[in-house]
>>> print(open('target_21.cif').read())   # mmCIF, C-alpha atoms
data_coords
loop_
_atom_site.label_atom_id
_atom_site.label_comp_id
_atom_site.auth_asym_id
_atom_site.auth_seq_id
_atom_site.Cartn_x
_atom_site.Cartn_y
_atom_site.Cartn_z
CA MET A 1 -40.30 19.73 -1.28
CA SER A 2 -39.66 19.81 -5.00
CA ARG A 3 -36.15 18.96 -6.10
CA THR A 4 -34.94 20.56 -9.28
CA CYS A 5 -31.65 19.33 -10.72
CA ASN A 6 -29.81 21.94 -12.73
CA GLN A 7 -27.41 19.38 -14.20
CA SER A 8 -27.76 17.69 -17.58
CA CYS A 9 -27.82 14.05 -16.40
CA SER A 10 -31.25 12.47 -16.79
CA SER A 11 -30.30 9.07 -15.37
CA CYS A 12 -29.82 10.25 -11.77
CA LYS A 13 -32.58 11.26 -9.40
CA GLU A 14 -30.19 13.03 -7.02
CA ASN A 15 -29.91 16.78 -6.85
CA CYS A 16 -26.33 17.36 -7.93
CA ALA A 17 -26.38 21.01 -6.92
CA GLU A 18 -27.26 20.04 -3.35
CA ARG A 19 -24.70 17.22 -3.25
CA LYS A 20 -21.94 19.67 -4.12
CA ASN A 21 -22.57 21.39 -0.81
CA VAL A 22 -22.27 18.18 1.23
CA ASP A 23 -19.21 18.17 3.49
CA PHE A 24 -17.35 14.86 3.08
CA SER A 25 -14.29 16.00 5.02
CA GLU A 26 -12.84 13.77 7.74
CA LYS A 27 -10.89 14.88 10.78
CA PRO A 28 -7.51 13.27 11.49
CA HIS A 29 -7.05 11.16 14.59
CA GLU A 30 -7.59 13.24 17.72
CA MET A 31 -4.02 12.53 18.81
CA SER A 32 -2.52 13.57 15.46
CA SER A 33 -0.72 16.83 14.78
CA ILE A 34 -0.19 17.65 11.09
CA LYS A 35 0.72 21.09 9.78
CA LYS A 36 0.74 20.74 5.99
CA VAL A 37 -0.63 18.07 3.66
CA ILE A 38 0.71 17.89 0.11
CA GLY A 39 -0.78 15.51 -2.47
CA ILE A 40 1.48 14.07 -5.17
CA VAL A 41 -0.65 13.19 -8.19
CA SER A 42 -0.34 12.09 -11.79
CA GLY A 43 -2.71 11.56 -14.66
CA LYS A 44 -1.41 8.03 -15.31
CA GLY A 45 0.83 5.42 -13.78
CA GLY A 46 4.48 4.85 -14.50
CA VAL A 47 5.71 8.45 -14.38
CA GLY A 48 7.53 8.20 -11.05
CA LYS A 49 4.99 9.71 -8.67
CA SER A 50 6.09 7.51 -5.75
CA LEU A 51 9.72 8.38 -6.44
CA VAL A 52 8.97 12.11 -6.31
CA THR A 53 6.94 11.59 -3.13
CA SER A 54 9.84 9.77 -1.48
CA MET A 55 12.47 12.27 -2.59
CA LEU A 56 10.41 15.24 -1.42
CA ALA A 57 9.91 13.68 1.99
CA VAL A 58 13.64 13.00 2.25
CA THR A 59 14.52 16.52 1.07
CA MET A 60 12.25 18.21 3.62
CA ASN A 61 13.50 15.85 6.31
CA ARG A 62 17.08 16.90 5.54
CA MET A 63 16.01 20.51 6.05
CA GLY A 64 14.99 19.69 9.60
CA TYR A 65 11.26 19.17 9.15
CA HIS A 66 9.45 16.11 10.47
CA THR A 67 7.95 14.54 7.37
CA ALA A 68 5.50 11.71 6.78
CA ILE A 69 4.18 9.73 3.83
CA LEU A 70 0.62 8.46 3.57
CA ASP A 71 0.79 5.88 0.79
CA GLY A 72 -2.58 6.20 -0.91
CA ASP A 73 -1.57 4.01 -3.85
CA ILE A 74 -3.18 0.93 -2.31
CA THR A 75 -2.86 -1.40 -5.30
CA GLY A 76 0.72 -0.34 -6.09
CA PRO A 77 2.39 0.44 -2.75
CA SER A 78 6.10 0.96 -3.48
CA ILE A 79 7.00 3.41 -0.70
CA PRO A 80 8.06 0.83 1.95
CA LYS A 81 10.33 -0.87 -0.60
CA ALA A 82 12.08 2.40 -1.45
CA PHE A 83 12.78 3.04 2.23
CA GLY A 84 13.86 -0.52 3.01
CA ILE A 85 11.08 -1.01 5.57
CA LYS A 86 10.43 -4.65 6.36
CA GLY A 87 8.62 -4.37 9.69
CA LYS A 88 4.87 -4.06 10.10
CA ALA A 89 2.74 -1.28 11.57
CA THR A 90 1.59 -1.69 15.15
CA GLY A 91 -1.26 -0.25 17.18
CA ASN A 92 -3.14 -0.25 20.44
CA GLU A 93 -6.57 0.73 21.74
CA PHE A 94 -5.92 4.34 20.72
CA GLY A 95 -5.01 3.82 17.09
CA ILE A 96 -2.42 2.67 14.55
CA PHE A 97 1.18 3.86 14.57
CA PRO A 98 3.09 4.55 11.36
CA VAL A 99 6.46 2.90 10.81
CA ARG A 100 9.44 5.21 11.15
CA SER A 101 12.23 5.06 8.56
CA LYS A 102 15.94 5.07 9.30
CA THR A 103 16.11 8.88 9.20
CA GLY A 104 12.85 9.49 11.05
CA ILE A 105 10.21 9.73 8.31
CA ASP A 106 6.81 8.34 9.38
CA ILE A 107 5.24 6.03 6.79
CA MET A 108 1.90 4.26 6.49
CA SER A 109 1.21 1.92 3.60
CA ILE A 110 -1.03 -1.06 2.98
CA ASN A 111 2.08 -3.23 2.69
CA LEU A 112 2.80 -2.47 6.34
CA LEU A 113 -0.46 -4.20 7.24
CA LEU A 114 -0.39 -7.19 4.88
CA GLU A 115 1.12 -10.47 6.04
CA ASN A 116 3.12 -10.76 2.83
CA ASP A 117 4.32 -7.83 0.72
CA THR A 118 3.42 -9.69 -2.46
CA ASP A 119 -0.22 -10.29 -1.48
CA PRO A 120 -2.41 -8.57 -4.08
CA VAL A 121 -5.04 -6.07 -3.01
CA VAL A 122 -8.04 -7.16 -5.06
CA TRP A 123 -10.56 -4.60 -3.87
CA ARG A 124 -13.11 -2.35 -5.52
CA GLY A 125 -12.72 1.42 -5.53
CA PRO A 126 -14.96 2.28 -2.54
CA MET A 127 -13.10 -0.15 -0.27
CA ILE A 128 -9.72 1.23 -1.37
CA GLY A 129 -10.95 4.75 -0.72
CA SER A 130 -12.13 3.70 2.73
CA VAL A 131 -8.66 2.39 3.61
CA VAL A 132 -7.02 5.64 2.53
CA LYS A 133 -9.42 7.55 4.76
CA GLN A 134 -8.56 5.24 7.66
CA PHE A 135 -4.88 6.03 7.14
CA TRP A 136 -5.95 9.62 7.88
CA THR A 137 -8.48 9.06 10.68
CA ASP A 138 -7.13 5.98 12.50
CA VAL A 139 -3.37 6.47 12.29
CA ILE A 140 -1.69 8.62 14.96
CA TRP A 141 0.59 11.07 13.15
CA THR A 142 2.78 12.80 15.74
CA ASP A 143 4.14 16.34 15.23
CA VAL A 144 4.27 16.13 11.43
CA ASP A 145 5.39 19.27 9.62
CA PHE A 146 4.79 17.97 6.10
CA MET A 147 2.69 14.97 5.14
CA PHE A 148 3.02 13.82 1.54
CA ILE A 149 0.19 11.71 0.14
CA ASP A 150 1.26 9.38 -2.66
CA MET A 151 -1.98 9.38 -4.64
CA PRO A 152 -3.05 6.59 -6.99
CA PRO A 153 -2.82 7.61 -10.65
CA GLY A 154 -5.75 8.95 -12.61
CA THR A 155 -8.91 10.82 -11.68
CA GLY A 156 -11.09 8.02 -10.32
CA ASP A 157 -12.65 6.98 -7.02
CA VAL A 158 -9.64 7.19 -4.71
CA PRO A 159 -8.26 10.58 -5.78
CA LEU A 160 -11.80 11.93 -5.52
CA THR A 161 -12.16 10.42 -2.02
CA VAL A 162 -8.87 11.96 -0.90
CA PHE A 163 -9.73 15.40 -2.24
CA GLN A 164 -13.16 15.31 -0.59
CA SER A 165 -12.20 13.82 2.78
CA ILE A 166 -8.67 15.08 3.53
CA ALA A 167 -7.79 18.75 3.92
CA VAL A 168 -5.07 18.89 1.27
CA ASP A 169 -3.15 22.18 1.29
CA GLY A 170 -1.91 21.77 -2.25
CA ILE A 171 -0.87 19.25 -4.89
CA ILE A 172 2.16 18.66 -7.04
CA VAL A 173 1.52 17.05 -10.43
CA VAL A 174 4.14 14.62 -11.72
CA THR A 175 4.53 14.04 -15.44
CA SER A 176 6.98 12.72 -18.02
CA PRO A 177 7.96 14.15 -21.42
CA GLN A 178 5.70 12.13 -23.74
CA GLU A 179 2.98 14.09 -25.52
CA LEU A 180 0.34 11.48 -24.55
CA VAL A 181 1.20 11.98 -20.88
CA SER A 182 0.89 15.73 -21.33
CA MET A 183 -2.74 15.33 -22.39
CA ILE A 184 -3.49 13.11 -19.40
CA VAL A 185 -1.79 15.53 -17.01
CA SER A 186 -4.14 18.23 -18.20
CA LYS A 187 -7.00 16.02 -16.99
CA ALA A 188 -5.43 15.75 -13.53
CA VAL A 189 -4.89 19.51 -13.40
CA ARG A 190 -8.48 20.20 -14.40
CA MET A 191 -9.77 17.77 -11.76
CA ALA A 192 -7.82 19.63 -9.08
CA GLU A 193 -9.19 22.92 -10.35
CA MET A 194 -12.74 21.55 -10.23
CA MET A 195 -12.17 20.42 -6.63
CA ASP A 196 -10.68 23.81 -5.66
CA ILE A 197 -7.39 22.23 -4.64
CA PRO A 198 -4.41 24.62 -5.02
CA ILE A 199 -1.83 23.36 -7.51
CA ILE A 200 1.69 24.13 -6.32
CA GLY A 201 3.23 23.23 -9.67
CA LEU A 202 4.51 20.53 -11.99
CA VAL A 203 7.47 18.17 -11.73
CA GLU A 204 8.72 16.39 -14.83
CA ASN A 205 10.38 13.03 -14.20
CA MET A 206 12.62 11.22 -16.71
CA SER A 207 13.16 14.57 -18.39
CA TYR A 208 16.59 13.70 -19.78
CA PHE A 209 19.63 11.48 -19.39
CA LYS A 210 22.97 13.13 -18.73
CA CYS A 211 25.87 11.19 -20.20
CA PRO A 212 28.44 10.55 -17.45
CA ASP A 213 31.27 10.69 -20.02
CA CYS A 214 30.57 13.78 -22.11
CA GLY A 215 27.99 15.54 -19.91
CA LYS A 216 25.55 15.96 -22.81
CA LYS A 217 21.82 15.72 -22.07
CA HIS A 218 19.86 13.22 -24.14
CA ARG A 219 16.04 13.41 -24.43
CA ILE A 220 15.27 9.70 -24.25
CA TYR A 221 11.49 10.23 -24.43
CA GLY A 222 11.59 13.08 -26.91
CA ASP A 223 11.09 16.77 -26.42
CA SER A 224 9.41 17.92 -23.24
CA HIS A 225 5.91 19.42 -23.29
CA ILE A 226 5.76 20.42 -19.63
CA ASP A 227 6.39 24.11 -20.30
CA GLU A 228 3.44 24.18 -22.69
CA ILE A 229 1.18 22.57 -20.09
CA ALA A 230 2.39 24.96 -17.40
CA GLU A 231 1.70 27.99 -19.59
CA LYS A 232 -1.72 26.64 -20.58
CA HIS A 233 -2.80 26.32 -16.95
CA ASN A 234 -0.77 29.25 -15.60
CA LEU A 235 1.35 26.95 -13.42
CA LYS A 236 5.01 26.74 -12.40
CA VAL A 237 7.45 24.09 -13.53
CA LEU A 238 9.04 23.21 -10.21
CA ALA A 239 11.69 20.73 -11.30
CA LYS A 240 12.89 18.48 -14.11
CA LEU A 241 14.36 15.21 -12.87
CA PRO A 242 16.83 13.21 -14.97
CA ILE A 243 16.91 9.50 -15.64
CA ASN A 244 19.48 8.50 -13.05
CA PRO A 245 20.52 4.85 -12.57
CA LYS A 246 21.83 5.65 -9.09
CA ILE A 247 18.37 6.75 -7.92
CA ALA A 248 16.80 3.61 -9.36
CA ALA A 249 19.41 1.49 -7.58
CA ALA A 250 18.79 3.35 -4.30
CA CYS A 251 15.07 2.53 -4.53
CA ASP A 252 15.73 -1.12 -5.34
CA LYS A 253 18.06 -1.40 -2.34
CA GLY A 254 15.70 0.42 0.01
CA MET A 255 18.13 3.31 0.35
CA ILE A 256 16.25 6.26 -1.15
CA GLU A 257 17.16 8.28 1.94
CA LEU A 258 20.76 8.33 0.71
CA PHE A 259 20.05 9.77 -2.74
CA GLU A 260 22.32 12.55 -3.94
CA GLY A 261 21.04 15.50 -5.95
CA GLU A 262 19.55 18.96 -5.56
CA TRP A 263 16.82 18.77 -8.21
CA LEU A 264 13.98 19.17 -5.70
CA ASP A 265 15.59 21.89 -3.58
CA PRO A 266 13.56 24.66 -5.34
CA VAL A 267 10.37 22.73 -4.51
CA ALA A 268 11.45 22.39 -0.90
CA LYS A 269 11.97 26.14 -0.61
CA ILE A 270 8.44 26.79 -1.90
CA LEU A 271 7.00 24.28 0.58
CA GLU A 272 9.02 25.82 3.39
CA GLN A 273 7.35 29.16 2.76
CA THR A 274 3.89 27.61 3.14
CA ILE A 275 4.52 26.40 6.66
CA GLU A 276 5.18 29.83 8.14
CA GLY A 277 2.25 30.67 10.34
CA GLY A 278 0.56 27.35 9.57
CA LYS A 279 -1.74 25.73 12.12
CA SER A 280 -1.65 22.10 13.14
CA ARG A 281 -4.68 19.94 12.45
#
>>> encode(input="target_21.cif", output="structure tokens")
Amino acid sequence: MSRTCNQSCSSCKENCAERKNVDFSEKPHEMSSIKKVIGIVSGKGGVGKSLVTSMLAVTMNRMGYHTAILDGDITGPSIPKAFGIKGKATGNEFGIFPVRSKTGIDIMSINLLLENDTDPVVWRGPMIGSVVKQFWTDVIWTDVDFMFIDMPPGTGDVPLTVFQSIAVDGIIVVTSPQELVSMIVSKAVRMAEMMDIPIIGLVENMSYFKCPDCGKKHRIYGDSHIDEIAEKHNLKVLAKLPINPKIAAACDKGMIELFEGEWLDPVAKILEQTIEGGKSR
């Protein structure tokens, strides 16, 4: 059978048009029950994606939903630290069990499997992607209403693996005010559009600092560009989070579940609407 590639790459003998139709999706563990999966992504590191993931899980948990976090940031797993989790994941012949936080949030992260939290994960992209898939297929997630996937930054191997193998219901893109970050966020948004993943909206972290004495907002990183990005891609700005030393201290102490603030409440209300009539996986 003749194979005609309609793409412009001359270095590959594969038929790209046919490969686009290949189903790479993976089913969750047969004993899992997950209603909604939300990916938290960013175009680059250092914008607070893990913080937003943690705060969203806590916010939805406070609203009475059973939430979970799949920590897909294998080389930079900060979720267990934020929740003060020091124990390790366990398992049996049926599968692996996530670790439950103090308030009942189920968490799976590579640090919950390593002997020492400080052990580096020196793996190539395909192996990292394989581990993220195993967090989906081999971990038993019980009666989860909302699973938040803390994605690694960028648009490389692992985000691609997640988008192809896990049935993500939508993504939230995290950014910060710098103009350089705005350009990179556009790349993340376009990747999601190419993969046909619904984009719920944008969250800007480190948007401003509110002086505790005078109440004035200071733009530490300059003027925000998130509204321009949102308009360019016809997206919603879901929230703008301030620089807040108390939140940073809560993460350092493993007490993110005690954070105070209503910045993500509008996001929670949007997510709550998506679960009505939803089916478990």
>>> residues_around(input="target_21.cif", residues="segment 94-107 of chain A", least_positions_apart="3", cutoff="6 Å", atoms="only C-alpha atoms", output="MDAnalysis selection string")
chainID A and resid 67:69 89:91 138:140
>>> resolve_selection(input="target_21.cif", expression="the PyMOL selection byres ((chain A and resi 241) around 7)", output="list of chain:residue names")
A:Glu204, A:Asn205, A:Met206, A:Ser207, A:Ala239, A:Lys240, A:Pro242, A:Ile243, A:Trp263
>>> atom_distance(input="target_21.cif", atom1="atom CA of Asp143 of chain A", atom2="atom CA of Ile34 of chain A")
6.1 Å
>>> atom_distance(input="target_21.cif", atom1="atom CA of Asn111 of chain A", atom2="atom CA of Gly84 of chain A")
12.1 Å
>>> atom_distance(input="target_21.cif", atom1="atom CA of Leu271 of chain A", atom2="atom CA of Met55 of chain A")
13.6 Å
>>> residues_around(input="target_21.cif", residues="Val37 of chain A", least_positions_apart="3", cutoff="12 Å", atoms="all atoms listed in the file", output="number ranges by chain")
A: 28, 33-34, 40, 57, 67-70, 136, 141, 144-150, 162-163, 166-172, 197-198, 200, 271, 274-275, 278-281
>>> residues_around(input="target_21.cif", residues="Gln178 of chain A", least_positions_apart="2", cutoff="12 Å", atoms="all atoms listed in the file", output="PyMOL selection string")
chain A and resi 44+46-47+175-176+180-185+204-208+219-226+229
>>> resolve_selection(input="target_21.cif", expression="the PyMOL selection byres ((chain A and resi 262) around 12)", output="list in words")
Met55, Leu56, Val58, Thr59, Met60, Arg62, Ala239, Lys240, Leu241, Pro242, Phe259, Glu260, Gly261, Trp263, Leu264, Asp265, Pro266, Val267, Ala268 and Lys269 of chain A
>>> residues_near_point(input="target_21.cif", point="(15.0, 0.5, -7.3)", cutoff="12 Å", atoms="all atoms listed in the file", output="PyMOL selection string")
chain A and resi 48+50-51+78-84+244-256+259
>>> axis_aligned_box(input="target_21.cif", around="segment 156-169 of chain A", padding_each_side="5 Å", output="lines of an AutoDock Vina configuration file")
center_x = -8.2
center_y = 14.6
center_z = -3.2
size_x = 20.0
size_y = 25.2
size_z = 24.2
>>> resolve_selection(input="target_21.cif", expression="the PyMOL selection byres ((chain A and resi 74) around 10)", output="ChimeraX atom specification")
/A:71-73,75-78,109-111,120-123,128-129,131-132,150-152,158
